[in-house]
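Shown here: final35.cif, mmCIF, C-alpha atoms and all ligand atoms.
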```cif
data_protein
loop_
_atom_site.group_PDB
_atom_site.id
_atom_site.type_symbol
_atom_site.label_atom_id
_atom_site.label_comp_id
_atom_site.auth_asym_id
_atom_site.auth_seq_id
_atom_site.Cartn_x
_atom_site.Cartn_y
_atom_site.Cartn_z
ATOM 1 C CA MET A 1351 0.409 -22.964 -16.032
ATOM 2 C CA SER A 1352 -2.436 -21.578 -13.940
ATOM 3 C CA GLU A 1353 -3.491 -17.934 -13.624
ATOM 4 C CA GLN A 1354 -4.905 -18.750 -10.174
ATOM 5 C CA LEU A 1355 -1.593 -20.096 -8.941
ATOM 6 C CA ILE A 1356 0.735 -17.413 -7.573
ATOM 7 C CA GLY A 1357 4.335 -18.011 -6.539
ATOM 8 C CA VAL A 1358 5.963 -15.895 -3.829
ATOM 9 C CA VAL A 1359 9.760 -15.914 -3.548
ATOM 10 C CA GLY A 1360 11.228 -15.070 -0.127
ATOM 11 C CA ALA A 1361 9.329 -15.744 3.112
ATOM 12 C CA GLY A 1362 10.601 -12.753 5.112
ATOM 13 C CA THR A 1363 8.675 -9.702 6.306
ATOM 14 C CA MET A 1364 7.277 -8.814 2.885
ATOM 15 C CA GLY A 1365 6.912 -12.323 1.424
ATOM 16 C CA GLN A 1366 4.832 -13.386 4.433
ATOM 17 C CA GLY A 1367 2.511 -10.396 4.095
ATOM 18 C CA ILE A 1368 2.163 -10.860 0.340
ATOM 19 C CA ALA A 1369 1.490 -14.622 0.659
ATOM 20 C CA GLN A 1370 -1.117 -13.953 3.353
ATOM 21 C CA VAL A 1371 -2.999 -11.380 1.275
ATOM 22 C CA VAL A 1372 -2.835 -13.450 -1.923
ATOM 23 C CA ALA A 1373 -4.111 -16.614 -0.164
ATOM 24 C CA ALA A 1374 -6.842 -14.646 1.640
ATOM 25 C CA SER A 1375 -7.989 -13.274 -1.749
ATOM 26 C CA GLY A 1376 -8.766 -16.754 -3.090
ATOM 27 C CA TYR A 1377 -5.577 -17.620 -4.965
ATOM 28 C CA THR A 1378 -3.482 -20.717 -4.471
ATOM 29 C CA VAL A 1379 -0.021 -19.726 -3.234
ATOM 30 C CA ARG A 1380 3.353 -21.444 -3.319
ATOM 31 C CA LEU A 1381 5.756 -19.708 -0.975
ATOM 32 C CA TYR A 1382 9.433 -20.420 -1.694
ATOM 33 C CA ASP A 1383 12.456 -19.678 0.498
ATOM 34 C CA VAL A 1384 15.981 -21.068 0.765
ATOM 35 C CA ALA A 1385 15.647 -21.305 4.571
ATOM 36 C CA ASP A 1386 13.392 -24.064 5.950
ATOM 37 C CA GLU A 1387 13.074 -22.444 9.377
ATOM 38 C CA GLN A 1388 11.940 -19.226 7.670
ATOM 39 C CA LEU A 1389 9.182 -21.150 5.890
ATOM 40 C CA LYS A 1390 7.996 -22.586 9.220
ATOM 41 C CA ARG A 1391 8.047 -19.119 10.784
ATOM 42 C CA ALA A 1392 6.136 -17.754 7.796
ATOM 43 C CA GLN A 1393 3.391 -20.361 8.105
ATOM 44 C CA SER A 1394 2.939 -19.591 11.788
ATOM 45 C CA ASN A 1395 2.988 -15.792 11.267
ATOM 46 C CA ILE A 1396 0.511 -15.994 8.378
ATOM 47 C CA ALA A 1397 -1.866 -18.080 10.541
ATOM 48 C CA LYS A 1398 -1.548 -15.425 13.281
ATOM 49 C CA GLY A 1399 -2.161 -12.667 10.721
ATOM 50 C CA LEU A 1400 -5.352 -14.384 9.559
ATOM 51 C CA ASP A 1401 -6.414 -14.931 13.210
ATOM 52 C CA LYS A 1402 -6.352 -11.142 13.630
ATOM 53 C CA LEU A 1403 -8.749 -10.776 10.690
ATOM 54 C CA VAL A 1404 -11.074 -13.375 12.231
ATOM 55 C CA ALA A 1405 -10.958 -11.510 15.559
ATOM 56 C CA LYS A 1406 -11.905 -8.294 13.729
ATOM 57 C CA GLU A 1407 -14.729 -10.205 11.968
ATOM 58 C CA ARG A 1408 -13.244 -9.434 8.563
ATOM 59 C CA MET A 1409 -12.972 -13.152 7.822
ATOM 60 C CA SER A 1410 -14.721 -16.253 9.186
ATOM 61 C CA GLU A 1411 -12.898 -19.156 10.847
ATOM 62 C CA ALA A 1412 -13.840 -21.349 7.836
ATOM 63 C CA GLU A 1413 -12.428 -18.768 5.376
ATOM 64 C CA LYS A 1414 -9.225 -18.660 7.378
ATOM 65 C CA ARG A 1415 -8.873 -22.457 7.185
ATOM 66 C CA GLU A 1416 -9.533 -22.350 3.428
ATOM 67 C CA ALA A 1417 -6.931 -19.618 2.941
ATOM 68 C CA LEU A 1418 -4.340 -21.623 4.896
ATOM 69 C CA ALA A 1419 -5.199 -24.732 2.872
ATOM 70 C CA ARG A 1420 -4.449 -22.789 -0.346
ATOM 71 C CA LEU A 1421 -0.943 -21.934 0.887
ATOM 72 C CA THR A 1422 1.948 -24.365 0.563
ATOM 73 C CA THR A 1423 5.610 -23.708 1.273
ATOM 74 C CA THR A 1424 8.564 -25.093 -0.617
ATOM 75 C CA ALA A 1425 12.355 -24.987 -0.605
ATOM 76 C CA ALA A 1426 12.489 -26.066 -4.271
ATOM 77 C CA LEU A 1427 12.362 -23.322 -6.894
ATOM 78 C CA GLU A 1428 11.045 -25.879 -9.455
ATOM 79 C CA ALA A 1429 7.779 -26.011 -7.478
ATOM 80 C CA LEU A 1430 6.991 -22.566 -8.971
ATOM 81 C CA SER A 1431 7.203 -23.778 -12.580
ATOM 82 C CA ASP A 1432 3.421 -23.778 -13.149
ATOM 83 C CA CYS A 1433 2.663 -20.439 -11.442
ATOM 84 C CA GLY A 1434 1.045 -17.804 -13.695
ATOM 85 C CA ILE A 1435 2.529 -14.924 -11.696
ATOM 86 C CA ILE A 1436 5.590 -15.033 -9.454
ATOM 87 C CA ILE A 1437 6.119 -12.200 -6.947
ATOM 88 C CA GLU A 1438 9.704 -11.954 -5.739
ATOM 89 C CA ALA A 1439 10.461 -10.607 -2.230
ATOM 90 C CA ALA A 1440 14.018 -11.878 -1.692
ATOM 91 C CA PRO A 1441 16.764 -9.711 -0.097
ATOM 92 C CA GLU A 1442 17.595 -6.389 -1.770
ATOM 93 C CA GLN A 1443 20.853 -7.594 -3.378
ATOM 94 C CA PRO A 1444 21.269 -7.011 -7.127
ATOM 95 C CA ALA A 1445 23.291 -10.172 -7.864
ATOM 96 C CA LEU A 1446 20.912 -12.375 -5.864
ATOM 97 C CA LYS A 1447 17.820 -10.959 -7.561
ATOM 98 C CA GLU A 1448 19.393 -11.185 -11.050
ATOM 99 C CA LYS A 1449 20.214 -14.855 -10.507
ATOM 100 C CA LEU A 1450 16.692 -15.545 -9.263
ATOM 101 C CA PHE A 1451 15.118 -13.775 -12.241
ATOM 102 C CA ARG A 1452 17.380 -15.563 -14.712
ATOM 103 C CA ASP A 1453 16.496 -18.938 -13.112
ATOM 104 C CA LEU A 1454 12.779 -18.146 -12.928
ATOM 105 C CA SER A 1455 12.645 -17.047 -16.553
ATOM 106 C CA HIS A 1456 14.219 -20.384 -17.605
ATOM 107 C CA LEU A 1457 11.873 -22.299 -15.325
ATOM 108 C CA SER A 1458 8.663 -20.728 -16.562
ATOM 109 C CA ARG A 1459 8.794 -18.904 -19.904
ATOM 110 C CA ASP A 1460 5.175 -17.752 -19.738
ATOM 111 C CA ALA A 1461 4.948 -16.538 -16.148
ATOM 112 C CA ILE A 1462 4.824 -12.857 -15.252
ATOM 113 C CA LEU A 1463 7.790 -12.107 -12.987
ATOM 114 C CA ALA A 1464 7.059 -9.282 -10.545
ATOM 115 C CA SER A 1465 9.649 -7.889 -8.137
ATOM 116 C CA ASN A 1466 8.864 -6.200 -4.832
ATOM 117 C CA THR A 1467 12.236 -4.403 -4.930
ATOM 118 C CA SER A 1468 12.282 -1.034 -3.136
ATOM 119 C CA SER A 1469 15.117 0.446 -5.108
ATOM 120 C CA LEU A 1470 16.650 -1.695 -7.845
ATOM 121 C CA SER A 1471 16.193 -1.046 -11.557
ATOM 122 C CA LEU A 1472 13.453 -3.214 -13.065
ATOM 123 C CA THR A 1473 14.926 -2.534 -16.495
ATOM 124 C CA ARG A 1474 18.189 -4.198 -15.418
ATOM 125 C CA LEU A 1475 16.317 -7.154 -13.904
ATOM 126 C CA ALA A 1476 14.239 -7.562 -17.079
ATOM 127 C CA ALA A 1477 17.419 -7.520 -19.168
ATOM 128 C CA VAL A 1478 18.624 -10.842 -17.687
ATOM 129 C CA CYS A 1479 15.322 -12.604 -18.446
ATOM 130 C CA GLU A 1480 14.267 -14.621 -21.480
ATOM 131 C CA ARG A 1481 11.039 -12.669 -21.862
ATOM 132 C CA PRO A 1482 11.763 -9.180 -20.506
ATOM 133 C CA GLU A 1483 8.319 -7.930 -21.547
ATOM 134 C CA ARG A 1484 6.884 -10.107 -18.764
ATOM 135 C CA VAL A 1485 8.955 -8.462 -15.985
ATOM 136 C CA VAL A 1486 7.421 -5.718 -13.838
ATOM 137 C CA GLY A 1487 7.716 -4.097 -10.406
ATOM 138 C CA MET A 1488 5.010 -4.756 -7.838
ATOM 139 C CA HIS A 1489 6.042 -2.638 -4.852
ATOM 140 C CA PHE A 1490 3.979 -3.421 -1.760
ATOM 141 C CA PHE A 1491 4.245 -1.473 1.513
ATOM 142 C CA ASN A 1492 4.872 -2.773 5.015
ATOM 143 C CA PRO A 1493 2.697 -4.057 6.699
ATOM 144 C CA VAL A 1494 1.291 -5.594 3.513
ATOM 145 C CA PRO A 1495 -2.061 -6.740 4.998
ATOM 146 C CA VAL A 1496 -2.755 -3.148 6.128
ATOM 147 C CA LEU A 1497 -1.377 -0.732 3.521
ATOM 148 C CA LYS A 1498 -3.413 -0.386 0.341
ATOM 149 C CA LEU A 1499 -0.821 0.878 -2.131
ATOM 150 C CA VAL A 1500 1.037 -1.099 -4.779
ATOM 151 C CA GLU A 1501 3.394 0.930 -6.978
ATOM 152 C CA VAL A 1502 3.341 -0.833 -10.342
ATOM 153 C CA ILE A 1503 6.715 -0.164 -11.936
ATOM 154 C CA ARG A 1504 7.091 -0.433 -15.673
ATOM 155 C CA ALA A 1505 10.559 -1.394 -16.894
ATOM 156 C CA GLU A 1506 11.611 -0.123 -20.351
ATOM 157 C CA GLN A 1507 10.778 -3.603 -21.699
ATOM 158 C CA THR A 1508 7.471 -4.260 -19.836
ATOM 159 C CA SER A 1509 4.475 -4.859 -22.130
ATOM 160 C CA ASP A 1510 1.054 -3.248 -21.709
ATOM 161 C CA ALA A 1511 -0.456 -6.716 -21.206
ATOM 162 C CA THR A 1512 1.883 -7.391 -18.263
ATOM 163 C CA VAL A 1513 1.018 -4.075 -16.601
ATOM 164 C CA ALA A 1514 -2.709 -4.717 -17.151
ATOM 165 C CA ARG A 1515 -2.472 -8.190 -15.607
ATOM 166 C CA ILE A 1516 -0.642 -6.887 -12.522
ATOM 167 C CA GLU A 1517 -3.129 -4.028 -12.111
ATOM 168 C CA GLU A 1518 -5.939 -6.595 -12.264
ATOM 169 C CA LEU A 1519 -4.237 -8.779 -9.620
ATOM 170 C CA THR A 1520 -3.622 -5.732 -7.389
ATOM 171 C CA LYS A 1521 -7.331 -4.908 -7.513
ATOM 172 C CA ALA A 1522 -8.266 -8.517 -6.745
ATOM 173 C CA LEU A 1523 -6.052 -8.281 -3.640
ATOM 174 C CA GLY A 1524 -8.116 -5.293 -2.455
ATOM 175 C CA LYS A 1525 -5.263 -2.867 -3.129
ATOM 176 C CA THR A 1526 -4.794 0.160 -5.360
ATOM 177 C CA ALA A 1527 -2.238 0.144 -8.173
ATOM 178 C CA VAL A 1528 -0.445 3.397 -8.943
ATOM 179 C CA PRO A 1529 1.619 3.359 -12.157
ATOM 180 C CA ILE A 1530 5.194 4.629 -11.820
ATOM 181 C CA GLY A 1531 8.184 4.697 -14.164
ATOM 182 C CA ASP A 1532 11.439 2.848 -13.454
ATOM 183 C CA SER A 1533 13.325 5.605 -11.620
ATOM 184 C CA PRO A 1534 15.372 5.497 -8.371
ATOM 185 C CA GLY A 1535 13.133 5.303 -5.278
ATOM 186 C CA PHE A 1536 10.035 5.225 -7.516
ATOM 187 C CA ALA A 1537 7.564 7.773 -6.031
ATOM 188 C CA VAL A 1538 6.848 7.053 -2.364
ATOM 189 C CA ASN A 1539 10.407 6.423 -1.168
ATOM 190 C CA ARG A 1540 11.751 9.336 -3.215
ATOM 191 C CA LEU A 1541 9.402 11.651 -1.346
ATOM 192 C CA LEU A 1542 9.354 10.003 2.061
ATOM 193 C CA VAL A 1543 12.995 9.134 2.733
ATOM 194 C CA PRO A 1544 14.480 12.583 1.882
ATOM 195 C CA MET A 1545 11.941 13.998 4.366
ATOM 196 C CA ILE A 1546 13.256 11.573 7.021
ATOM 197 C CA ASN A 1547 16.835 12.511 6.056
ATOM 198 C CA GLU A 1548 16.004 16.227 6.472
ATOM 199 C CA ALA A 1549 14.496 15.485 9.884
ATOM 200 C CA ALA A 1550 17.817 13.834 10.835
ATOM 201 C CA PHE A 1551 19.639 17.038 9.749
ATOM 202 C CA ILE A 1552 17.326 19.075 12.023
ATOM 203 C CA VAL A 1553 18.273 16.802 14.964
ATOM 204 C CA GLN A 1554 21.974 16.944 14.031
ATOM 205 C CA GLU A 1555 21.914 20.763 14.029
ATOM 206 C CA GLY A 1556 20.230 20.814 17.432
ATOM 207 C CA THR A 1557 17.316 22.769 16.007
ATOM 208 C CA ALA A 1558 14.741 20.359 17.457
ATOM 209 C CA THR A 1559 14.587 17.020 19.278
ATOM 210 C CA PRO A 1560 13.178 13.871 17.613
ATOM 211 C CA GLU A 1561 10.142 14.145 19.941
ATOM 212 C CA ALA A 1562 9.528 17.768 18.883
ATOM 213 C CA ILE A 1563 9.882 16.989 15.168
ATOM 214 C CA ASP A 1564 7.495 14.031 15.358
ATOM 215 C CA GLU A 1565 4.952 16.012 17.379
ATOM 216 C CA ALA A 1566 5.176 18.916 14.921
ATOM 217 C CA MET A 1567 4.601 16.778 11.834
ATOM 218 C CA LYS A 1568 1.697 14.904 13.438
ATOM 219 C CA LEU A 1569 -0.073 18.095 14.470
ATOM 220 C CA GLY A 1570 1.044 20.444 11.691
ATOM 221 C CA ALA A 1571 0.975 18.162 8.662
ATOM 222 C CA ALA A 1572 -1.603 15.608 9.874
ATOM 223 C CA HIS A 1573 0.881 12.747 9.463
ATOM 224 C CA PRO A 1574 -0.304 9.706 11.458
ATOM 225 C CA MET A 1575 3.267 9.174 12.665
ATOM 226 C CA GLY A 1576 6.226 11.578 12.855
ATOM 227 C CA PRO A 1577 9.095 11.140 10.347
ATOM 228 C CA LEU A 1578 11.607 9.876 12.923
ATOM 229 C CA ALA A 1579 9.206 7.385 14.513
ATOM 230 C CA LEU A 1580 8.551 6.227 10.958
ATOM 231 C CA ALA A 1581 12.304 5.979 10.283
ATOM 232 C CA ASP A 1582 12.636 3.768 13.383
ATOM 233 C CA LEU A 1583 9.846 1.547 12.064
ATOM 234 C CA ILE A 1584 11.333 1.255 8.559
ATOM 235 C CA GLY A 1585 14.869 0.695 9.916
ATOM 236 C CA LEU A 1586 17.580 3.373 9.778
ATOM 237 C CA ASP A 1587 19.785 1.052 7.697
ATOM 238 C CA VAL A 1588 16.997 0.754 5.118
ATOM 239 C CA CYS A 1589 16.519 4.554 5.083
ATOM 240 C CA LEU A 1590 20.274 5.072 4.595
ATOM 241 C CA ALA A 1591 20.387 2.509 1.779
ATOM 242 C CA ILE A 1592 17.516 4.302 0.001
ATOM 243 C CA MET A 1593 19.287 7.693 0.297
ATOM 244 C CA GLU A 1594 22.398 6.088 -1.214
ATOM 245 C CA VAL A 1595 20.342 4.688 -4.098
ATOM 246 C CA LEU A 1596 18.833 8.152 -4.734
ATOM 247 C CA GLN A 1597 22.231 9.852 -4.536
ATOM 248 C CA GLU A 1598 23.853 7.349 -6.881
ATOM 249 C CA GLY A 1599 20.878 7.088 -9.228
ATOM 250 C CA PHE A 1600 20.409 10.823 -9.747
ATOM 251 C CA GLY A 1601 23.990 11.945 -9.062
ATOM 252 C CA ASP A 1602 22.481 14.934 -7.271
ATOM 253 C CA PRO A 1603 24.026 16.175 -3.978
ATOM 254 C CA LYS A 1604 20.588 17.101 -2.671
ATOM 255 C CA TYR A 1605 20.188 13.391 -1.811
ATOM 256 C CA ARG A 1606 23.315 13.200 0.417
ATOM 257 C CA PRO A 1607 22.618 11.057 3.495
ATOM 258 C CA CYS A 1608 22.717 12.934 6.803
ATOM 259 C CA PRO A 1609 25.989 12.172 8.681
ATOM 260 C CA LEU A 1610 24.001 11.580 11.901
ATOM 261 C CA LEU A 1611 21.944 8.906 10.118
ATOM 262 C CA LYS A 1612 25.179 7.217 8.972
ATOM 263 C CA ARG A 1613 26.675 7.333 12.486
ATOM 264 C CA MET A 1614 23.537 5.824 14.003
ATOM 265 C CA VAL A 1615 23.624 2.947 11.519
ATOM 266 C CA ASP A 1616 27.344 2.413 12.254
ATOM 267 C CA ALA A 1617 26.519 2.295 15.979
ATOM 268 C CA GLY A 1618 23.842 -0.360 15.384
ATOM 269 C CA TYR A 1619 21.005 2.035 16.336
ATOM 270 C CA LEU A 1620 18.706 0.771 13.601
ATOM 271 C CA GLY A 1621 15.330 1.693 15.087
ATOM 272 C CA ARG A 1622 12.687 -0.585 16.560
ATOM 273 C CA LYS A 1623 14.381 -3.782 15.455
ATOM 274 C CA SER A 1624 17.497 -3.003 17.543
ATOM 275 C CA GLY A 1625 15.615 -1.396 20.445
ATOM 276 C CA ARG A 1626 17.059 2.043 19.735
ATOM 277 C CA GLY A 1627 16.890 4.533 16.911
ATOM 278 C CA PHE A 1628 15.799 8.164 17.164
ATOM 279 C CA HIS A 1629 13.625 6.898 20.016
ATOM 280 C CA ILE A 1630 14.244 4.173 22.633
ATOM 281 C CA TYR A 1631 12.147 0.976 22.627
ATOM 282 C CA ASP A 1632 12.121 -0.890 25.922
ATOM 283 C CA GLU A 1633 10.607 -4.236 25.010
HETATM 284 N N1 LIG B 1 10.697 -4.478 4.662
HETATM 285 C C1 LIG B 1 10.062 -3.479 4.040
HETATM 286 O O1 LIG B 1 9.522 -2.561 4.657
HETATM 287 C C2 LIG B 1 9.965 -3.487 2.527
HETATM 288 C C3 LIG B 1 8.978 -2.699 1.914
HETATM 289 C C4 LIG B 1 8.825 -2.752 0.523
HETATM 290 C C5 LIG B 1 9.687 -3.555 -0.223
HETATM 291 N N2 LIG B 1 10.656 -4.283 0.398
HETATM 292 C C6 LIG B 1 11.502 -5.142 -0.442
HETATM 293 O O2 LIG B 1 11.053 -6.476 -0.309
HETATM 294 C C7 LIG B 1 12.154 -7.374 -0.467
HETATM 295 C C8 LIG B 1 12.227 -8.278 0.743
HETATM 296 O O3 LIG B 1 12.391 -7.500 1.895
HETATM 297 P P1 LIG B 1 12.076 -8.073 3.357
HETATM 298 O O4 LIG B 1 12.102 -6.901 4.276
HETATM 299 O O5 LIG B 1 10.887 -8.954 3.329
HETATM 300 O O6 LIG B 1 13.390 -8.965 3.604
HETATM 301 P P2 LIG B 1 13.627 -10.117 4.680
HETATM 302 O O7 LIG B 1 15.076 -10.124 4.966
HETATM 303 O O8 LIG B 1 12.652 -10.005 5.816
HETATM 304 O O9 LIG B 1 13.230 -11.456 3.873
HETATM 305 C C9 LIG B 1 13.980 -11.972 2.807
HETATM 306 C C10 LIG B 1 13.726 -13.473 2.724
HETATM 307 O O10 LIG B 1 14.364 -13.966 1.542
HETATM 308 C C11 LIG B 1 14.964 -15.220 1.849
HETATM 309 N N3 LIG B 1 16.007 -15.484 0.867
HETATM 310 C C12 LIG B 1 17.350 -15.251 0.938
HETATM 311 N N4 LIG B 1 17.939 -15.632 -0.206
HETATM 312 C C13 LIG B 1 16.963 -16.135 -1.018
HETATM 313 C C14 LIG B 1 16.953 -16.707 -2.320
HETATM 314 N N5 LIG B 1 18.056 -16.820 -3.036
HETATM 315 N N6 LIG B 1 15.777 -17.129 -2.807
HETATM 316 C C15 LIG B 1 14.641 -17.009 -2.097
HETATM 317 N N7 LIG B 1 14.586 -16.471 -0.868
HETATM 318 C C16 LIG B 1 15.739 -16.043 -0.339
HETATM 319 C C17 LIG B 1 15.431 -15.085 3.288
HETATM 320 O O11 LIG B 1 15.586 -16.384 3.888
HETATM 321 C C18 LIG B 1 14.299 -14.280 3.907
HETATM 322 O O12 LIG B 1 13.280 -15.125 4.417
HETATM 323 C C19 LIG B 1 13.378 -6.507 -0.699
HETATM 324 O O13 LIG B 1 13.571 -6.371 -2.081
HETATM 325 C C20 LIG B 1 12.964 -5.172 -0.080
HETATM 326 O O14 LIG B 1 13.653 -4.087 -0.679
HETATM 327 C C21 LIG B 1 10.806 -4.290 1.751
#
```
Could the structure of this file be written out as structure tokens, please?
Ligand SMILES: NC(=O)c1ccc[n+]([C@@H]2O[C@H](COP(=O)([O-])OP(=O)(O)OC[C@H]3O[C@@H](n4cnc5c(N)ncnc54)[C@H](O)[C@@H]3O)[C@@H](O)[C@H]2O)c1
Amino acid sequence: MSEQLIGVVGAGTMGQGIAQVVAASGYTVRLYDVADEQLKRAQSNIAKGLDKLVAKERMSEAEKREALARLTTTAALEALSDCGIIIEAAPEQPALKEKLFRDLSHLSRDAILASNTSSLSLTRLAAVCERPERVVGMHFFNPVPVLKLVEVIRAEQTSDATVARIEELTKALGKTAVPIGDSPGFAVNRLLVPMINEAAFIVQEGTATPEAIDEAMKLGAAHPMGPLALADLIGLDVCLAIMEVLQEGFGDPKYRPCPLLKRMVDAGYLGRKSGRGFHIYDE
């Protein structure tokens, strides 16, 4: 097992960003996905991501080539057996993640298993593993190459040594670790998504338009982006799912999802990715 060898599970939006940052920080990366075409897409997107850094003179052409040479992709989970740390960024489905964690903990007893889950209980994930003290949350933010925060989530079972190792890795990736307990929505989503939900209520009541709300929060609260433009970027389906996790997790009606948000998701108005959310996207 090598401490310098990092496994990344899932080559989607987050897995690609994580693999790019880890490879660019000098680690050797094995990126695993069940879909071959997704692995090909990931390799091409990561190369483009590194090209941007070269264009901004934050990396040389030679460093880019070295980073790409440290990254390999695989459709075989066994290829991760000698990774010291495995960061999981597979779809947000409890049964899928539990199976992956069970398999990974059999495959590599000594690896630290970190999940990038946005909302699932790390304590429950740790409970299916052979060495639950080595399971932890490592919650990156999208886009991973840009945003500096990693919420480090401690499950009930997580050991101090595991947290320390993940904090060290986070620093080596040029990011800042913020320690958070294993509670629904952790910290950022618990604060951010209810604000988005409240903005949807303001639109539903006809009190203000999405444009007015976004303008107000940019100018009045110095937010770089208004809450509804942000909701469109995150995906309205993702925002709704987070509200449902908060409502179920805390059993508190204050987290009820706004009916307008639900209707928009039902209509397929998911934000930027569908061309329409609270705002319209032409391209
Ligand atoms: N997108 C975000 O803004 C964001 C932010 C923070 C955290 N997250 C979390 O990151 C995780 C991944 O989200 P995403 O947006 O990158 O999803 P995504 O749908 O873009 O990517 C998921 C990838 O996992 C692959 N996959 C499916 N089943 C798999 C399996 N059994 N084993 C390995 N790979 C499998 C898919 O082929 C796909 O490439 C989720 O837990 C999500 O909650 C997402």
### Query
Could you pull the residues within 12 Å of range 1488-1491 of chain A, counting only C-alpha atoms, minus those fewer than 5 positions along the same chain, as a ChimeraX atom specification?
/A:1358,1363-1369,1371,1435-1439,1462-1470,1472,1496-1505,1512-1513,1515-1520,1523,1525-1532,1535-1539,1584
Okay, now the selection with C-alpha atoms, as a PDB file, in the coordinates of the input?
```pdb
ATOM      1  CA  VAL A1358       5.963 -15.895  -3.829  1.00  0.00           C
ATOM      2  CA  THR A1363       8.675  -9.702   6.306  1.00  0.00           C
ATOM      3  CA  MET A1364       7.277  -8.814   2.885  1.00  0.00           C
ATOM      4  CA  GLY A1365       6.912 -12.323   1.424  1.00  0.00           C
ATOM      5  CA  GLN A1366       4.832 -13.386   4.433  1.00  0.00           C
ATOM      6  CA  GLY A1367       2.511 -10.396   4.095  1.00  0.00           C
ATOM      7  CA  ILE A1368       2.163 -10.860   0.340  1.00  0.00           C
ATOM      8  CA  ALA A1369       1.490 -14.622   0.659  1.00  0.00           C
ATOM      9  CA  VAL A1371      -2.999 -11.380   1.275  1.00  0.00           C
ATOM     10  CA  ILE A1435       2.529 -14.924 -11.696  1.00  0.00           C
ATOM     11  CA  ILE A1436       5.590 -15.033  -9.454  1.00  0.00           C
ATOM     12  CA  ILE A1437       6.119 -12.200  -6.947  1.00  0.00           C
ATOM     13  CA  GLU A1438       9.704 -11.954  -5.739  1.00  0.00           C
ATOM     14  CA  ALA A1439      10.461 -10.607  -2.230  1.00  0.00           C
ATOM     15  CA  ILE A1462       4.824 -12.857 -15.252  1.00  0.00           C
ATOM     16  CA  LEU A1463       7.790 -12.107 -12.987  1.00  0.00           C
ATOM     17  CA  ALA A1464       7.059  -9.282 -10.545  1.00  0.00           C
ATOM     18  CA  SER A1465       9.649  -7.889  -8.137  1.00  0.00           C
ATOM     19  CA  ASN A1466       8.864  -6.200  -4.832  1.00  0.00           C
ATOM     20  CA  THR A1467      12.236  -4.403  -4.930  1.00  0.00           C
ATOM     21  CA  SER A1468      12.282  -1.034  -3.136  1.00  0.00           C
ATOM     22  CA  SER A1469      15.117   0.446  -5.108  1.00  0.00           C
ATOM     23  CA  LEU A1470      16.650  -1.695  -7.845  1.00  0.00           C
ATOM     24  CA  LEU A1472      13.453  -3.214 -13.065  1.00  0.00           C
ATOM     25  CA  VAL A1496      -2.755  -3.148   6.128  1.00  0.00           C
ATOM     26  CA  LEU A1497      -1.377  -0.732   3.521  1.00  0.00           C
ATOM     27  CA  LYS A1498      -3.413  -0.386   0.341  1.00  0.00           C
ATOM     28  CA  LEU A1499      -0.821   0.878  -2.131  1.00  0.00           C
ATOM     29  CA  VAL A1500       1.037  -1.099  -4.779  1.00  0.00           C
ATOM     30  CA  GLU A1501       3.394   0.930  -6.978  1.00  0.00           C
ATOM     31  CA  VAL A1502       3.341  -0.833 -10.342  1.00  0.00           C
ATOM     32  CA  ILE A1503       6.715  -0.164 -11.936  1.00  0.00           C
ATOM     33  CA  ARG A1504       7.091  -0.433 -15.673  1.00  0.00           C
ATOM     34  CA  ALA A1505      10.559  -1.394 -16.894  1.00  0.00           C
ATOM     35  CA  THR A1512       1.883  -7.391 -18.263  1.00  0.00           C
ATOM     36  CA  VAL A1513       1.018  -4.075 -16.601  1.00  0.00           C
ATOM     37  CA  ARG A1515      -2.472  -8.190 -15.607  1.00  0.00           C
ATOM     38  CA  ILE A1516      -0.642  -6.887 -12.522  1.00  0.00           C
ATOM     39  CA  GLU A1517      -3.129  -4.028 -12.111  1.00  0.00           C
ATOM     40  CA  GLU A1518      -5.939  -6.595 -12.264  1.00  0.00           C
ATOM     41  CA  LEU A1519      -4.237  -8.779  -9.620  1.00  0.00           C
ATOM     42  CA  THR A1520      -3.622  -5.732  -7.389  1.00  0.00           C
ATOM     43  CA  LEU A1523      -6.052  -8.281  -3.640  1.00  0.00           C
ATOM     44  CA  LYS A1525      -5.263  -2.867  -3.129  1.00  0.00           C
ATOM     45  CA  THR A1526      -4.794   0.160  -5.360  1.00  0.00           C
ATOM     46  CA  ALA A1527      -2.238   0.144  -8.173  1.00  0.00           C
ATOM     47  CA  VAL A1528      -0.445   3.397  -8.943  1.00  0.00           C
ATOM     48  CA  PRO A1529       1.619   3.359 -12.157  1.00  0.00           C
ATOM     49  CA  ILE A1530       5.194   4.629 -11.820  1.00  0.00           C
ATOM     50  CA  GLY A1531       8.184   4.697 -14.164  1.00  0.00           C
ATOM     51  CA  ASP A1532      11.439   2.848 -13.454  1.00  0.00           C
ATOM     52  CA  GLY A1535      13.133   5.303  -5.278  1.00  0.00           C
ATOM     53  CA  PHE A1536      10.035   5.225  -7.516  1.00  0.00           C
ATOM     54  CA  ALA A1537       7.564   7.773  -6.031  1.00  0.00           C
ATOM     55  CA  VAL A1538       6.848   7.053  -2.364  1.00  0.00           C
ATOM     56  CA  ASN A1539      10.407   6.423  -1.168  1.00  0.00           C
ATOM     57  CA  ILE A1584      11.333   1.255   8.559  1.00  0.00           C
TER      58      ILE A1584
END
```
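Taking CA of Gly1576 in chain A and CA of Pro1560 in chain A as the two end points, the separation is 8.7 Å.
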### Query
Which residue out of A:Arg1484, A:Arg1415, A:Lys1623, A:His1629 has the minimum interatomic distance to Pro1577 in chain A when only C-alpha atoms are used?
A:His1629
### Task
Compile the contact shell of Leu1583 in chain A as an MDAnalysis selection string: residues with an atom at most 12 Å away, counting all atoms listed in the file, same-chain residues fewer than 5 positions apart removed.
chainID A and resid 1492:1493 1546 1575:1578 1588:1589 1619:1631
